[in-house]
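Everything below belongs to input.csv, which stores CSV, C-alpha atoms.
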```csv
chain,number,residue,atom,x,y,z
Q,27,MET,CA,-4.0,-35.1,11.3
Q,28,ARG,CA,-6.2,-33.9,8.5
Q,29,LEU,CA,-6.6,-30.1,8.1
Q,30,THR,CA,-9.4,-28.8,6.0
Q,31,LEU,CA,-8.6,-26.3,3.2
Q,32,CYS,CA,-12.2,-25.0,3.3
Q,33,HIS,CA,-12.2,-23.4,6.7
Q,34,PRO,CA,-14.8,-20.7,7.3
Q,35,LEU,CA,-13.4,-17.4,6.0
Q,36,GLU,CA,-13.6,-14.9,8.8
Q,37,SER,CA,-11.4,-12.1,10.1
Q,38,ARG,CA,-11.4,-11.1,13.8
Q,39,ASP,CA,-10.1,-7.6,13.0
Q,40,GLY,CA,-11.0,-6.8,9.4
Q,41,THR,CA,-7.5,-7.4,8.1
Q,42,LEU,CA,-5.8,-10.3,6.4
Q,43,SER,CA,-3.0,-10.6,8.9
Q,44,ALA,CA,-4.6,-13.4,10.9
Q,45,ASP,CA,-7.3,-16.1,10.4
Q,46,SER,CA,-8.0,-18.2,7.3
Q,47,LYS,CA,-8.0,-16.8,3.8
Q,48,MET,CA,-7.9,-18.2,0.2
Q,49,LYS,CA,-5.8,-16.8,-2.6
Q,50,ASN,CA,-6.6,-17.6,-6.2
Q,51,MET,CA,-9.0,-20.2,-4.9
Q,52,VAL,CA,-12.7,-20.6,-4.3
Q,53,THR,CA,-14.7,-23.0,-2.2
Q,54,GLU,CA,-17.3,-25.1,-4.1
Q,55,SER,CA,-19.6,-27.9,-3.1
Q,56,VAL,CA,-18.9,-31.1,-5.1
Q,57,GLU,CA,-21.1,-34.1,-4.4
Q,58,GLY,CA,-21.9,-32.8,-0.9
Q,59,GLU,CA,-18.4,-32.0,0.1
Q,60,LEU,CA,-16.6,-28.6,0.3
Q,61,VAL,CA,-13.6,-28.5,-2.0
Q,62,ALA,CA,-11.0,-25.9,-2.8
Q,63,VAL,CA,-10.9,-25.1,-6.5
Q,64,LYS,CA,-8.1,-23.1,-8.2
Q,65,ARG,CA,-9.0,-20.0,-10.0
Q,66,PRO,CA,-6.7,-17.5,-11.9
Q,67,GLY,CA,-5.8,-14.4,-9.9
Q,68,ILE,CA,-6.7,-11.0,-11.1
Q,69,THR,CA,-5.7,-7.5,-10.1
Q,70,SER,CA,-7.6,-4.2,-10.6
Q,71,ASP,CA,-5.8,-2.1,-13.2
Q,72,VAL,CA,-8.3,0.6,-13.8
Q,73,GLU,CA,-11.2,1.8,-11.6
Q,74,LEU,CA,-14.1,3.4,-13.5
Q,75,PRO,CA,-17.1,5.2,-12.2
Q,76,PRO,CA,-20.3,3.1,-11.6
Q,77,GLY,CA,-23.0,3.1,-14.3
Q,78,LEU,CA,-24.4,1.1,-17.2
Q,79,ALA,CA,-21.5,-0.7,-18.9
Q,80,GLN,CA,-21.8,-0.3,-22.7
Q,81,GLY,CA,-18.6,-1.7,-24.0
Q,82,LEU,CA,-14.9,-2.1,-23.7
Q,83,PHE,CA,-12.9,-1.9,-26.9
Q,84,SER,CA,-9.4,-1.4,-28.3
Q,85,LEU,CA,-8.3,1.4,-30.7
Q,86,ASN,CA,-4.8,1.8,-31.9
Q,87,GLY,CA,-3.5,-0.4,-29.1
Q,88,LEU,CA,-5.3,1.6,-26.4
Q,89,ALA,CA,-8.3,0.5,-24.3
Q,90,TYR,CA,-11.5,2.6,-24.1
Q,91,ALA,CA,-14.7,2.1,-22.2
Q,92,ILE,CA,-18.2,3.5,-22.5
Q,93,ILE,CA,-20.3,3.9,-19.3
Q,94,ASP,CA,-23.6,5.7,-19.2
Q,95,ASP,CA,-23.0,7.0,-22.8
Q,96,ALA,CA,-19.7,8.6,-21.7
Q,97,LEU,CA,-16.4,7.6,-23.3
Q,98,PHE,CA,-13.5,6.9,-20.9
Q,99,GLY,CA,-10.0,6.4,-22.0
Q,100,PRO,CA,-7.4,5.6,-23.1
Q,101,LEU,CA,-7.3,3.5,-19.9
Q,102,THR,CA,-3.9,3.5,-18.2
Q,103,PRO,CA,-3.1,0.7,-15.8
Q,104,GLY,CA,-3.2,2.0,-12.3
Q,105,SER,CA,-5.1,5.1,-13.2
Q,106,GLY,CA,-8.7,6.2,-12.4
Q,107,GLY,CA,-9.4,6.3,-16.1
Q,108,GLY,CA,-9.0,9.6,-17.8
Q,109,THR,CA,-11.8,11.5,-19.4
Q,110,SER,CA,-12.2,11.3,-23.2
Q,111,GLY,CA,-10.3,14.5,-23.6
Q,112,GLY,CA,-7.7,13.6,-21.1
Q,113,SER,CA,-7.4,17.3,-20.3
Q,114,GLU,CA,-8.3,17.4,-16.6
Q,115,GLY,CA,-5.8,16.6,-14.0
Q,116,TRP,CA,-2.4,17.5,-12.4
Q,117,VAL,CA,0.1,18.8,-14.9
Q,118,GLN,CA,3.8,19.1,-14.0
Q,119,ILE,CA,4.9,22.6,-14.8
J,19,MET,CA,10.6,21.3,-20.0
J,20,THR,CA,9.5,21.3,-16.4
J,21,THR,CA,10.4,23.4,-13.4
J,22,LEU,CA,12.8,22.1,-10.8
J,23,LEU,CA,12.5,24.3,-7.8
J,24,PRO,CA,15.7,26.1,-6.8
J,25,PHE,CA,15.4,25.0,-3.2
J,26,THR,CA,14.8,21.7,-1.4
J,27,SER,CA,12.0,22.0,1.2
J,28,TYR,CA,11.9,18.8,3.2
J,29,TYR,CA,9.1,20.4,5.1
J,30,SER,CA,7.0,21.6,2.2
J,31,LYS,CA,4.5,23.4,4.4
J,32,ASN,CA,7.1,26.1,4.7
J,33,VAL,CA,6.1,27.4,1.3
J,34,LEU,CA,3.7,30.2,2.2
J,35,ARG,CA,1.2,32.2,0.2
J,36,VAL,CA,1.5,35.9,1.0
J,37,GLY,CA,-1.0,37.9,-1.1
J,38,GLU,CA,-0.4,36.8,-4.7
J,39,THR,CA,3.2,35.6,-4.0
J,40,LEU,CA,4.6,32.3,-3.1
J,41,LEU,CA,7.3,32.6,-0.5
J,42,TYR,CA,9.9,30.2,0.9
J,43,PRO,CA,12.3,31.1,3.7
J,44,ASP,CA,15.3,28.9,2.9
J,45,ALA,CA,17.3,28.2,6.1
J,46,SER,CA,19.9,26.1,4.2
J,47,GLN,CA,20.8,29.0,1.9
J,48,LEU,CA,19.9,31.9,4.4
J,49,LYS,CA,17.6,33.6,1.9
J,50,THR,CA,14.0,33.9,1.0
J,51,TRP,CA,12.7,32.8,-2.4
J,52,THR,CA,9.6,34.4,-4.0
J,53,SER,CA,7.5,33.6,-7.1
J,54,ALA,CA,4.3,34.9,-8.7
J,55,ASP,CA,3.7,31.8,-10.8
J,56,GLY,CA,5.5,28.9,-9.2
J,57,VAL,CA,7.8,28.7,-12.2
J,58,THR,CA,10.1,31.7,-11.9
J,59,TRP,CA,11.7,32.2,-8.6
J,60,SER,CA,14.0,35.0,-7.3
J,61,SER,CA,15.8,35.2,-3.9
J,62,ALA,CA,17.0,37.8,-1.4
J,63,ASN,CA,19.6,37.1,1.3
J,64,TRP,CA,18.7,37.4,4.9
J,65,VAL,CA,20.2,40.0,7.1
J,66,GLY,CA,21.4,38.7,10.5
J,67,PRO,CA,21.9,38.1,13.3
J,68,TYR,CA,18.6,36.2,13.6
J,69,TYR,CA,17.6,33.4,11.3
J,70,PRO,CA,14.6,31.0,11.3
J,71,ILE,CA,15.6,27.4,10.9
J,72,GLY,CA,12.3,25.5,10.8
J,73,GLN,CA,8.6,25.7,10.4
J,74,VAL,CA,7.2,29.1,9.7
J,75,ALA,CA,3.7,30.6,9.4
J,76,TYR,CA,2.3,33.8,7.9
J,77,PHE,CA,0.1,35.6,10.3
J,78,ASN,CA,-1.0,39.2,10.9
J,79,GLY,CA,1.3,40.5,8.2
J,80,TYR,CA,4.4,38.8,9.4
J,81,VAL,CA,6.2,35.5,8.8
J,82,TRP,CA,6.7,34.0,12.2
J,83,TRP,CA,9.1,31.3,13.5
J,84,TRP,CA,8.7,29.7,16.9
J,85,ASP,CA,11.3,27.4,18.3
J,86,THR,CA,11.8,25.4,21.5
J,87,GLU,CA,14.4,23.0,20.2
J,88,SER,CA,17.5,25.1,21.1
J,89,GLU,CA,16.4,25.2,24.7
J,90,PRO,CA,13.4,23.0,25.7
J,91,GLY,CA,10.8,24.9,27.7
J,92,VAL,CA,12.0,28.2,26.3
J,93,LEU,CA,10.1,29.6,23.4
J,94,THR,CA,12.1,31.8,21.0
J,95,THR,CA,10.0,33.9,18.6
J,96,LEU,CA,11.2,35.6,15.4
J,97,LYS,CA,9.2,37.5,12.9
J,98,SER,CA,9.8,39.4,9.7
J,99,ALA,CA,7.7,41.8,7.7
J,100,ASP,CA,9.9,41.9,4.6
J,101,PHE,CA,11.0,38.2,4.9
J,102,ILE,CA,14.7,39.3,4.9
J,103,ASN,CA,15.2,41.0,8.3
J,104,TRP,CA,14.2,38.8,11.2
J,105,ALA,CA,13.5,40.4,14.6
J,106,LEU,CA,13.8,38.6,17.9
J,107,GLU,CA,10.3,39.1,19.2
J,108,ALA,CA,10.5,37.2,22.5
J,109,ASN,CA,12.2,34.6,24.6
J,110,GLN,CA,9.7,33.3,27.1
J,111,GLU,CA,8.4,30.2,28.9
J,112,ALA,CA,6.9,27.9,26.3
J,113,PRO,CA,3.3,26.8,26.8
J,114,ILE,CA,4.4,23.5,25.3
J,115,ASP,CA,7.4,22.3,23.2
J,116,PHE,CA,6.8,23.2,19.6
J,117,ILE,CA,7.5,20.4,17.2
J,118,TRP,CA,7.7,20.3,13.4
J,119,SER,CA,4.7,18.1,13.1
J,120,ASP,CA,2.4,20.7,14.8
J,121,MET,CA,-0.5,21.5,12.5
J,122,VAL,CA,-1.0,25.3,12.2
J,123,VAL,CA,-4.3,27.0,11.1
J,124,VAL,CA,-4.9,30.7,10.8
J,125,GLN,CA,-8.5,31.6,11.3
J,126,GLY,CA,-9.3,35.3,11.1
J,127,GLY,CA,-7.1,37.0,13.7
J,128,VAL,CA,-6.2,33.7,15.5
J,129,LEU,CA,-3.4,31.3,14.9
J,130,ARG,CA,-4.1,27.9,16.3
J,131,ARG,CA,-1.6,25.1,16.8
J,132,PHE,CA,-2.4,21.4,17.1
J,133,ASN,CA,0.2,19.2,18.7
J,134,LYS,CA,0.2,15.5,18.1
J,135,ALA,CA,3.1,14.5,20.5
J,136,SER,CA,0.6,12.8,22.9
J,137,THR,CA,-2.1,10.2,22.5
J,138,TYR,CA,-4.7,13.0,22.1
J,139,VAL,CA,-4.2,16.2,20.1
J,140,LYS,CA,-3.5,19.3,22.2
J,141,THR,CA,-4.4,22.8,21.0
J,142,TYR,CA,-3.5,26.3,21.9
J,143,SER,CA,-3.7,29.7,20.1
J,144,THR,CA,-2.4,33.2,19.9
J,145,THR,CA,-3.8,36.5,18.5
J,146,ASN,CA,-0.5,38.4,18.5
J,147,GLY,CA,2.2,35.8,18.0
J,148,THR,CA,3.7,36.0,21.5
J,149,ALA,CA,0.8,35.6,24.1
J,150,TRP,CA,-0.5,32.0,24.0
J,151,SER,CA,-3.6,30.5,25.5
J,152,SER,CA,-3.6,27.6,27.8
J,153,VAL,CA,-3.0,24.2,26.2
J,154,VAL,CA,-6.2,22.2,25.9
J,155,ASP,CA,-6.5,18.4,25.5
J,156,THR,CA,-9.0,17.6,22.7
J,157,SER,CA,-10.9,14.3,22.1
J,158,LEU,CA,-9.1,13.8,18.8
J,159,LEU,CA,-6.7,10.8,18.8
J,160,SER,CA,-3.4,12.0,17.4
J,161,ALA,CA,-3.1,8.9,15.2
J,162,SER,CA,-6.5,9.6,13.6
J,163,VAL,CA,-5.7,13.0,12.1
J,164,ALA,CA,-3.2,14.0,9.4
J,165,ARG,CA,-4.4,17.5,8.5
J,166,ILE,CA,-6.7,20.1,10.1
J,167,VAL,CA,-8.3,22.3,7.4
J,168,LEU,CA,-10.3,25.5,7.7
J,169,TYR,CA,-13.3,25.2,5.4
J,170,ALA,CA,-16.5,27.2,5.3
J,171,GLY,CA,-15.9,28.6,8.8
J,172,SER,CA,-15.3,25.3,10.5
J,173,LEU,CA,-12.2,23.1,11.1
J,174,TYR,CA,-12.1,19.7,9.6
J,175,ALA,CA,-9.8,16.9,10.9
J,176,ILE,CA,-8.7,14.8,7.9
J,177,PRO,CA,-7.5,11.2,8.5
J,178,PRO,CA,-4.1,9.9,7.4
J,179,GLY,CA,-5.5,7.8,4.6
J,180,ASN,CA,-3.1,4.9,5.0
J,181,SER,CA,-4.8,3.5,8.1
J,182,THR,CA,-7.4,0.8,8.0
J,183,VAL,CA,-8.6,1.9,11.5
J,184,TYR,CA,-8.7,5.7,11.4
J,185,LYS,CA,-11.0,6.6,8.6
J,186,SER,CA,-13.2,9.2,10.4
J,187,VAL,CA,-13.6,12.8,9.5
J,188,TYR,CA,-14.4,15.2,12.3
J,189,ARG,CA,-15.5,18.9,12.4
J,190,SER,CA,-15.1,21.6,15.0
J,191,ASP,CA,-17.1,24.7,15.2
J,192,ASP,CA,-15.4,26.2,18.2
J,193,GLY,CA,-11.8,26.6,17.0
J,194,GLY,CA,-10.7,23.0,17.6
J,195,LEU,CA,-11.6,22.7,21.2
J,196,THR,CA,-14.4,20.1,20.7
J,197,TRP,CA,-14.9,17.8,17.7
J,198,THR,CA,-17.9,16.0,16.2
J,199,GLN,CA,-17.5,12.9,14.1
J,200,LEU,CA,-19.0,13.5,10.6
J,201,THR,CA,-18.4,10.0,9.3
J,202,SER,CA,-16.8,6.8,10.6
J,203,ASN,CA,-15.5,5.9,7.1
J,204,TRP,CA,-14.9,8.5,4.5
J,205,GLY,CA,-14.9,5.9,1.7
J,206,VAL,CA,-11.4,6.7,0.4
J,207,PRO,CA,-9.3,3.6,-0.3
J,208,THR,CA,-6.5,2.9,2.1
J,209,VAL,CA,-3.7,5.0,0.6
J,210,THR,CA,-1.5,7.7,2.1
J,211,LEU,CA,-2.9,11.3,2.2
J,212,ILE,CA,-0.4,13.8,0.7
J,213,ASP,CA,-2.4,16.9,1.6
J,214,CYS,CA,-5.8,18.4,1.9
J,215,ILE,CA,-6.9,22.0,1.3
J,216,ALA,CA,-10.2,24.0,1.1
J,217,THR,CA,-11.1,25.1,-2.5
J,218,SER,CA,-14.1,26.4,-4.4
J,219,GLU,CA,-14.9,22.7,-5.0
J,220,GLY,CA,-14.9,22.0,-1.3
J,221,LEU,CA,-12.3,20.0,0.6
J,222,LEU,CA,-9.8,18.6,-1.9
J,223,ALA,CA,-7.4,15.8,-0.9
J,224,VAL,CA,-4.6,14.3,-2.9
J,225,PHE,CA,-3.2,10.8,-2.2
J,226,SER,CA,0.1,9.0,-2.9
J,227,ASP,CA,-1.5,7.1,-5.7
J,228,ASN,CA,-2.0,10.5,-7.4
J,229,GLU,CA,-5.8,10.3,-7.1
J,230,THR,CA,-7.8,13.4,-6.1
J,231,TRP,CA,-11.0,13.3,-4.0
J,232,THR,CA,-13.3,16.2,-3.1
J,233,SER,CA,-16.0,16.7,-0.5
J,234,ALA,CA,-18.5,19.5,0.0
J,235,ASP,CA,-19.4,18.4,3.5
J,236,GLY,CA,-16.5,16.2,4.8
J,237,ILE,CA,-18.9,13.2,4.8
J,238,THR,CA,-19.4,12.3,1.1
J,239,TRP,CA,-16.1,12.1,-0.8
J,240,ILE,CA,-16.0,11.8,-4.6
J,241,LYS,CA,-13.0,10.7,-6.7
J,242,LYS,CA,-12.2,13.1,-9.5
J,243,ASN,CA,-11.8,11.6,-12.9
J,244,TYR,CA,-8.5,13.2,-13.5
J,245,THR,CA,-5.8,12.0,-15.9
J,246,LEU,CA,-3.1,11.0,-13.5
J,247,PRO,CA,0.5,12.1,-13.8
J,248,THR,CA,3.0,9.5,-14.7
J,249,GLY,CA,5.3,8.1,-12.0
J,250,ILE,CA,4.3,6.7,-8.7
J,251,ASN,CA,6.1,9.1,-6.5
J,252,VAL,CA,5.9,12.4,-8.4
J,253,MET,CA,3.5,14.0,-6.0
J,254,ARG,CA,4.8,12.4,-2.8
J,255,ASN,CA,5.8,14.8,0.1
J,256,GLY,CA,4.1,17.7,-1.6
J,257,ALA,CA,1.9,20.5,-0.2
J,258,LEU,CA,-1.3,21.9,-1.8
J,259,ILE,CA,-1.3,25.7,-2.1
J,260,SER,CA,-3.5,28.1,-4.0
J,261,LEU,CA,-2.2,31.1,-5.9
J,262,GLY,CA,-4.5,33.5,-7.7
J,263,SER,CA,-7.2,31.2,-9.1
J,264,ASP,CA,-4.9,28.2,-9.5
J,265,LEU,CA,-4.1,25.3,-7.3
J,266,PHE,CA,-0.6,23.9,-7.0
J,267,MET,CA,1.1,20.8,-5.5
J,268,ILE,CA,4.5,22.1,-4.6
J,269,CYS,CA,7.8,20.6,-3.3
J,270,CYS,CA,6.8,17.1,-4.2
J,271,GLY,CA,8.5,14.1,-5.8
J,272,THR,CA,11.5,12.1,-4.5
J,273,SER,CA,13.6,15.2,-5.0
J,274,TYR,CA,11.1,17.5,-3.1
J,275,ARG,CA,11.6,19.9,-6.1
J,276,ASN,CA,8.7,19.1,-8.4
J,277,ILE,CA,5.6,21.3,-8.8
J,278,PHE,CA,2.2,20.5,-10.4
J,279,LYS,CA,-0.7,22.7,-11.4
J,280,LEU,CA,-4.3,21.5,-11.5
J,281,VAL,CA,-5.9,22.0,-14.9
J,282,THR,CA,-9.7,21.4,-15.2
J,283,ASN,CA,-12.4,21.9,-17.8
J,284,SER,CA,-14.8,23.5,-15.3
J,285,GLY,CA,-12.5,26.4,-14.4
J,286,PRO,CA,-10.2,27.2,-11.5
J,287,VAL,CA,-10.6,25.3,-8.3
J,288,GLY,CA,-7.9,26.9,-6.3
J,289,VAL,CA,-9.8,29.9,-5.1
J,290,PRO,CA,-9.6,29.8,-1.3
J,291,LEU,CA,-12.8,30.0,0.6
```
Kindly return the structure encoded in the file as structure tokens.
Amino acid sequence: MRLTLCHPLESRDGTLSADSKMKNMVTESVEGELVAVKRPGITSDVELPPGLAQGLFSLNGLAYAIIDDALFGPLTPGSGGGTSGGSEGWVQI
Amino acid sequence: MTTLLPFTSYYSKNVLRVGETLLYPDASQLKTWTSADGVTWSSANWVGPYYPIGQVAYFNGYVWWWDTESEPGVLTTLKSADFINWALEANQEAPIDFIWSDMVVVQGGVLRRFNKASTYVKTYSTTNGTAWSSVVDTSLLSASVARIVLYAGSLYAIPPGNSTVYKSVYRSDDGGLTWTQLTSNWGVPTVTLIDCIATSEGLLAVFSDNETWTSADGITWIKKNYTLPTGINVMRNGALISLGSDLFMICCGTSYRNIFKLVTNSGPVGVPL
């Protein structure tokens, strides 16, 4: 029996608990045939607000981003991206 | 140096705001703790023979405790004006068994309870702490609501956050009897809601990933660009509570004894509406 790796990706209930899915792979058409191609996996470390991306750079080992002329950072993995002053937020007292 | 609360409240909603004081009736130590700033706490021992041992609420100038656990079907009511002496107010037939997960909202002179023990939320109310209205079945699915918040004169049913199915926000303009769906998807990522409160910035919700979202109408939710506290569980289990013009997350963390204060550039956001 031959099973295709490039099965249509659909979900009957909107979750990943059933039906076909690909992980770290994409489907490409090569010479008229659908083939599964490996791609490196990535995870989202920082979520920044939408806007015009104007650069991502490193300073003293910390990452910063500019969006719509606003500076965000330093960016901490798993955070929403602090403001440039880093002064707003919940402080343990 | 950070504050470690002098009590452990596994049910953090038991920290009440009474005027400009935070108050915690501590059933494990039979005393009431009070604080004006969330940092410095003092306590006074209770005077028997009656003690509250569970969920309490501040209403009409008293802290109240209602219980049906000691004898199902029988509602025992205690109240205290000084938070030290507890008076037995009534032993009566219970309109419904009171449970710890009941959501309690004080709106003007009415205290409303919302019970999630059934498929659909049931609600009932009192104006004097002892006489209760009939229990009404609402159209709200119990699984779809984690908090009911009084905001701008209406009640808002806030979803649990960690569900991929229940992402709707509802509003009631008649004290929780009927509900209207405001949105079928509030747009917040699937992560557990810690608490939600009404502030001068609108509805404000905090989640277990430490993110904070606000909404002026319950429909459009915006993630605040706050610097996040370190530690993945430091705000877990907590409760939002306002004091003065400040907003606190209290009784959080794995020890239930952490406390946070919200600091913003735009000024206080903890002013209750």
Give one line per residue of chain J that approaches chain Q to at most 10 Å, naming the two atoms of the closest pair and their distance in Å to one decimal, counting only C-alpha atoms; sort by chain then ascending residue number and deliver it as a tab-separated table.
```
residue	atom	partner	partner_atom	distance
J:Met19	CA	Q:Ile119	CA	7.8
J:Thr20	CA	Q:Ile119	CA	5.0
J:Thr21	CA	Q:Ile119	CA	5.7
J:Leu22	CA	Q:Ile119	CA	8.9
J:Gly56	CA	Q:Ile119	CA	8.5
J:Val57	CA	Q:Ile119	CA	7.2
J:Thr182	CA	Q:Thr41	CA	8.2
J:Val183	CA	Q:Gly40	CA	9.3
J:Asp227	CA	Q:Gly104	CA	8.5
J:Asn228	CA	Q:Ser105	CA	8.5
J:Glu229	CA	Q:Gly106	CA	7.3
J:Thr230	CA	Q:Gly115	CA	8.8
J:Lys241	CA	Q:Gly106	CA	8.4
J:Lys242	CA	Q:Gly106	CA	8.3
J:Asn243	CA	Q:Gly108	CA	6.0
J:Tyr244	CA	Q:Gly115	CA	4.4
J:Thr245	CA	Q:Gly108	CA	4.4
J:Leu246	CA	Q:Ser105	CA	6.2
J:Pro247	CA	Q:Trp116	CA	6.3
J:Thr248	CA	Q:Ser105	CA	9.3
J:Ile250	CA	Q:Gly104	CA	9.6
J:Val252	CA	Q:Gln118	CA	9.0
J:Met253	CA	Q:Trp116	CA	9.4
J:Leu265	CA	Q:Trp116	CA	9.5
J:Phe266	CA	Q:Trp116	CA	8.6
J:Met267	CA	Q:Trp116	CA	8.4
J:Ile268	CA	Q:Gln118	CA	9.9
J:Asn276	CA	Q:Gln118	CA	7.4
J:Ile277	CA	Q:Gln118	CA	5.9
J:Phe278	CA	Q:Gln118	CA	4.2
J:Lys279	CA	Q:Val117	CA	5.3
J:Leu280	CA	Q:Trp116	CA	4.5
J:Val281	CA	Q:Glu114	CA	5.5
J:Thr282	CA	Q:Glu114	CA	4.5
J:Asn283	CA	Q:Glu114	CA	6.2
J:Ser284	CA	Q:Glu114	CA	9.0
```
Would you mind exporting the chosen residues as a JSON list (two decimals), in the frame of the given file, restricted to C-alpha atoms?
```json
[["chain", "number", "residue", "atom", "x", "y", "z"],
["J", 19, "MET", "CA", 10.60, 21.30, -20.00],
["J", 20, "THR", "CA", 9.50, 21.30, -16.40],
["J", 21, "THR", "CA", 10.40, 23.40, -13.40],
["J", 22, "LEU", "CA", 12.80, 22.10, -10.80],
["J", 56, "GLY", "CA", 5.50, 28.90, -9.20],
["J", 57, "VAL", "CA", 7.80, 28.70, -12.20],
["J", 182, "THR", "CA", -7.40, 0.80, 8.00],
["J", 183, "VAL", "CA", -8.60, 1.90, 11.50],
["J", 227, "ASP", "CA", -1.50, 7.10, -5.70],
["J", 228, "ASN", "CA", -2.00, 10.50, -7.40],
["J", 229, "GLU", "CA", -5.80, 10.30, -7.10],
["J", 230, "THR", "CA", -7.80, 13.40, -6.10],
["J", 241, "LYS", "CA", -13.00, 10.70, -6.70],
["J", 242, "LYS", "CA", -12.20, 13.10, -9.50],
["J", 243, "ASN", "CA", -11.80, 11.60, -12.90],
["J", 244, "TYR", "CA", -8.50, 13.20, -13.50],
["J", 245, "THR", "CA", -5.80, 12.00, -15.90],
["J", 246, "LEU", "CA", -3.10, 11.00, -13.50],
["J", 247, "PRO", "CA", 0.50, 12.10, -13.80],
["J", 248, "THR", "CA", 3.00, 9.50, -14.70],
["J", 250, "ILE", "CA", 4.30, 6.70, -8.70],
["J", 252, "VAL", "CA", 5.90, 12.40, -8.40],
["J", 253, "MET", "CA", 3.50, 14.00, -6.00],
["J", 265, "LEU", "CA", -4.10, 25.30, -7.30],
["J", 266, "PHE", "CA", -0.60, 23.90, -7.00],
["J", 267, "MET", "CA", 1.10, 20.80, -5.50],
["J", 268, "ILE", "CA", 4.50, 22.10, -4.60],
["J", 276, "ASN", "CA", 8.70, 19.10, -8.40],
["J", 277, "ILE", "CA", 5.60, 21.30, -8.80],
["J", 278, "PHE", "CA", 2.20, 20.50, -10.40],
["J", 279, "LYS", "CA", -0.70, 22.70, -11.40],
["J", 280, "LEU", "CA", -4.30, 21.50, -11.50],
["J", 281, "VAL", "CA", -5.90, 22.00, -14.90],
["J", 282, "THR", "CA", -9.70, 21.40, -15.20],
["J", 283, "ASN", "CA", -12.40, 21.90, -17.80],
["J", 284, "SER", "CA", -14.80, 23.50, -15.30]]
```
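Taking only C-alpha atoms, the non-local environment of region 121-138 of chain J within 9 Å (same-chain residues fewer than 6 positions away omitted) comprises Ala75, Tyr76, Phe77, Asn78, Ile114, Thr144, Thr145, Asn146, Gly147, Asp155, Thr156, Ser157, Leu158, Leu159, Ser160, Ala161, Val163, Ala164, Arg165, Ile166, Val167, Leu168, Gly171, Leu173, Gly193 and Gly194 of chain J.
Our summary of the geometry notes that CA of Gly271 (chain J) is positioned 7.1 Å from CA of Gly256 (chain J).
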Mind pulling up the distance from CA of Thr141 (chain J) to CA of Asp115 (chain J)?
12.0 Å
Can you list, as a VMD selection string, every protein, DNA or RNA residue that comes within 8 Å of Lys64 (chain Q) when you count only C-alpha atoms, leaving out same-chain residues fewer than 4 positions away?
chain Q and resid 50 to 52
Measure the distance from CA of Gly81 (chain Q) to CA of Ile240 (chain J) in Å and round it to one decimal.
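Calculated distance between CA of Gly81 (chain Q) and CA of Ile240 (chain J) is 23.8 Å.
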Have a look at Q:Leu31, Q:Ile93, Q:Gly77, Q:Ala44 and name the one nearest to Val63 (chain Q); count only C-alpha atoms.
Q:Leu31
The residues within 12 Å of (9.9, 34.1, -7.1), using all atoms listed in the file and the coordinates of the file, should be reported as a ChimeraX atom specification; which are they?
/J:23-25,33-36,38-43,49-62
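Residues in contact with Asp95 (chain Q) at 9 Å, where all atoms listed in the file are counted and same-chain residues fewer than 3 positions away are skipped, are listed as Leu78, Ala79, Gln80 and Ile92 of chain Q.
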